[in-house]
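Enquirer: What follows is a structure written as structure tokens; I'll ask about it next.
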Amino acid sequence: MAQSTAPERTASHVPPQAWTVLAVSMTGFLVNFWAWNLLAPLAPGIGQRLGLAPFTQALLVALPVIIGSLGRIPAGSLTDRYGARTMFTALSVLTIVPVLLVGLFPNSLAVLMIGGVLLGLGGTTFAVGVPAVNAWFPPDRRGTALGLFGVGTVGTAVATFTTLPLINGLGGMAPFLLVSLALLVVAGLSWTLLREPPDKTPPGAGAFARTVETLRLAATWQLSVLYALMFGGFVAFSVYLPTYLKTAYELAAGDAAARTAGFVVVAVIARPVGGWLCDRIHPADVLGVLCGLAFLFAGLAAFQFPLMPMGTIAFLGLGIVLGAGSGAVFALVARLAPAEEVGAVTGLVGAAGGLGGFFPPLVMGAIYGMQHDYGWGFVLLAAAALGCAVLTFTAVRREAAG
């Protein structure tokens with residue numbers, strides 16, 4: 001009988017193809033997230049130009065977030081079935097359409113709304129990359145690999161800090177043409193370089209049946225709650241921190257944006273660190289400690305101390321903890337999800353994380369509107385973090401042991 005030439009993915013060996021898959025997946029994720037977030041920096045100008053009500057302007061920004069989050073559910077299941085090569089290529093090409101629509105019709109609210117919905121396609125690629133990377137790396141290296149893949153979330157920051165300068169410097173279509181070209185390159189790289197591991201077995205059930213089966217797993221719900229706190233918290237602060245800093249500390253817009261950029265940078269850097277720790281310490285223990293630290297830093301932020309030094313310590317601490325925690329959650333996904341259902345579990349957990357970032361800004365705004373103080377918003381975050389710490393050290397720890 002002929003011997004298989006496929007490299008065995010053991011604790012001592014990572015095949016070269018695994019690093020190619022990681023690099024291409026992370027790049028594709030970053031570029032698609034860049035496209036996903038294009039409307040956010042444009043929204044104030046669009047609102048002023050078209051005379052939009054605050055709710056309509058907020059809805060325009062929220063549409064890609066909602067669709068991109070919910071769309072991860074089918075995207076994950078389809079990746080289990082058709083593979084990352086097909087899904088990354090298709091989603092990258094399709095996302096070019098709304099990018100060009102938004103650039104070509106900046107004064108049509110109807111087209112911008114349609115574009116916002118379709119930009120959600122870019123946000124679904126998270127659920128494509130995680131199962132692709134997970135399948136190629138051995139268990140003791142998956143935490144680090146998935147953490148490195150998660151660095152692609154910096155694409156949202158790239159959109160925030162380059163869109164308006166590109167328009168002001170090179171013209172109205174500049175960012176949209178640049179992103180479209182980047183998406184086309186990513187599609188070519190995905191089709192050319194991405195491969196499935198030789199021992200992958202396609203799932204037998206259809207996408208809907210697998211999603212239903214995944215919903216029956218206790219781990220799916222537990223991980224969804226934890227990711228809603230960790231990644232949802234990161235997204236919420238990335239979106240709302242400029243408003244908070246301007247309102248609570250009366251900072252100039254540029255100063256608030258720079259401090260928010262610092263928060264995003266430390267969170268992105270911390271994500272692979274969280275995955276790396278989970279390769280050396282039990283992921284449930286790492287995540288439980290991070291939830292406890294989130295409780296402490298959120299409690300510190302609730303007192304609204306002066307920014308220097310205590311306020312800065314509180315927010316940078318939250319950035320580090322939420323970033324590392326996001327990486328730790330997917331180290332647990334790699335441990336708890338059945339191999340043939342990693343995509344489906346990733347889709348559901350990723351959707352929870354995206355939606356987790358949608359509601360906190362609304363809560364913070366409502367609390368400030370009633371009390372002219374943000375303190376209770378951070379108290380709620382601290383309570384949620386404490387609850388997640390208890391969940392992790394009890395139910396999740398038992399699930400991982402089982």
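If you're wondering about the labels, chains in the structure tokens are A, B, ... by order shown, residues count from 1 in each chain, ligands from 1 in order shown.
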Determine, for each residue of range 144-242 of chain A having at least one atom at most 12 Å from an atom of range 305-319 of chain A, the closest pair of atoms and their separation in Å to one decimal, counting only C-alpha atoms; order by chain and ascending number, as a tab-separated table.
Expert:
residue	atom	partner	partner_atom	distance
A:Leu229	CA	A:Leu318	CA	11.4
A:Met230	CA	A:Leu318	CA	9.6
A:Phe231	CA	A:Gly319	CA	10.3
A:Gly232	CA	A:Gly319	CA	11.8
A:Gly233	CA	A:Leu318	CA	8.8
A:Phe234	CA	A:Gly319	CA	6.9
A:Val235	CA	A:Gly319	CA	10.3
A:Ala236	CA	A:Gly319	CA	11.1
A:Phe237	CA	A:Gly319	CA	8.6
A:Ser238	CA	A:Gly319	CA	9.5
A:Leu241	CA	A:Phe315	CA	9.3
Enquirer: So which residues touch Val273 in chain A within 8 Å, counting only C-alpha atoms, skipping near sequence neighbours fewer than 4 positions away, as a list in words?
Expert: Thr144, Gly147, Ile269, Leu277, Ala324 and Gly327 of chain A
Enquirer: Need the shell around range 385-396 of chain A: protein/DNA/RNA residues with any atom at most 12 Å away, counting only C-alpha atoms. Skip same-chain ones fewer than 5 positions apart. Format as a ChimeraX atom specification?
Expert: /A:217-230,232-233,282-299,318,321-322,325,328-329,332-333,335-336,378-380,401-402
Enquirer: Please report, as a ChimeraX atom specification, each residue of range 243-400 of chain A to which DSSP assigns alpha helix (DSSP H) when run on this structure's backbone.
Expert: /A:243-249,253-278,283-302,312-336,342-356,359-371,375-391,397-400
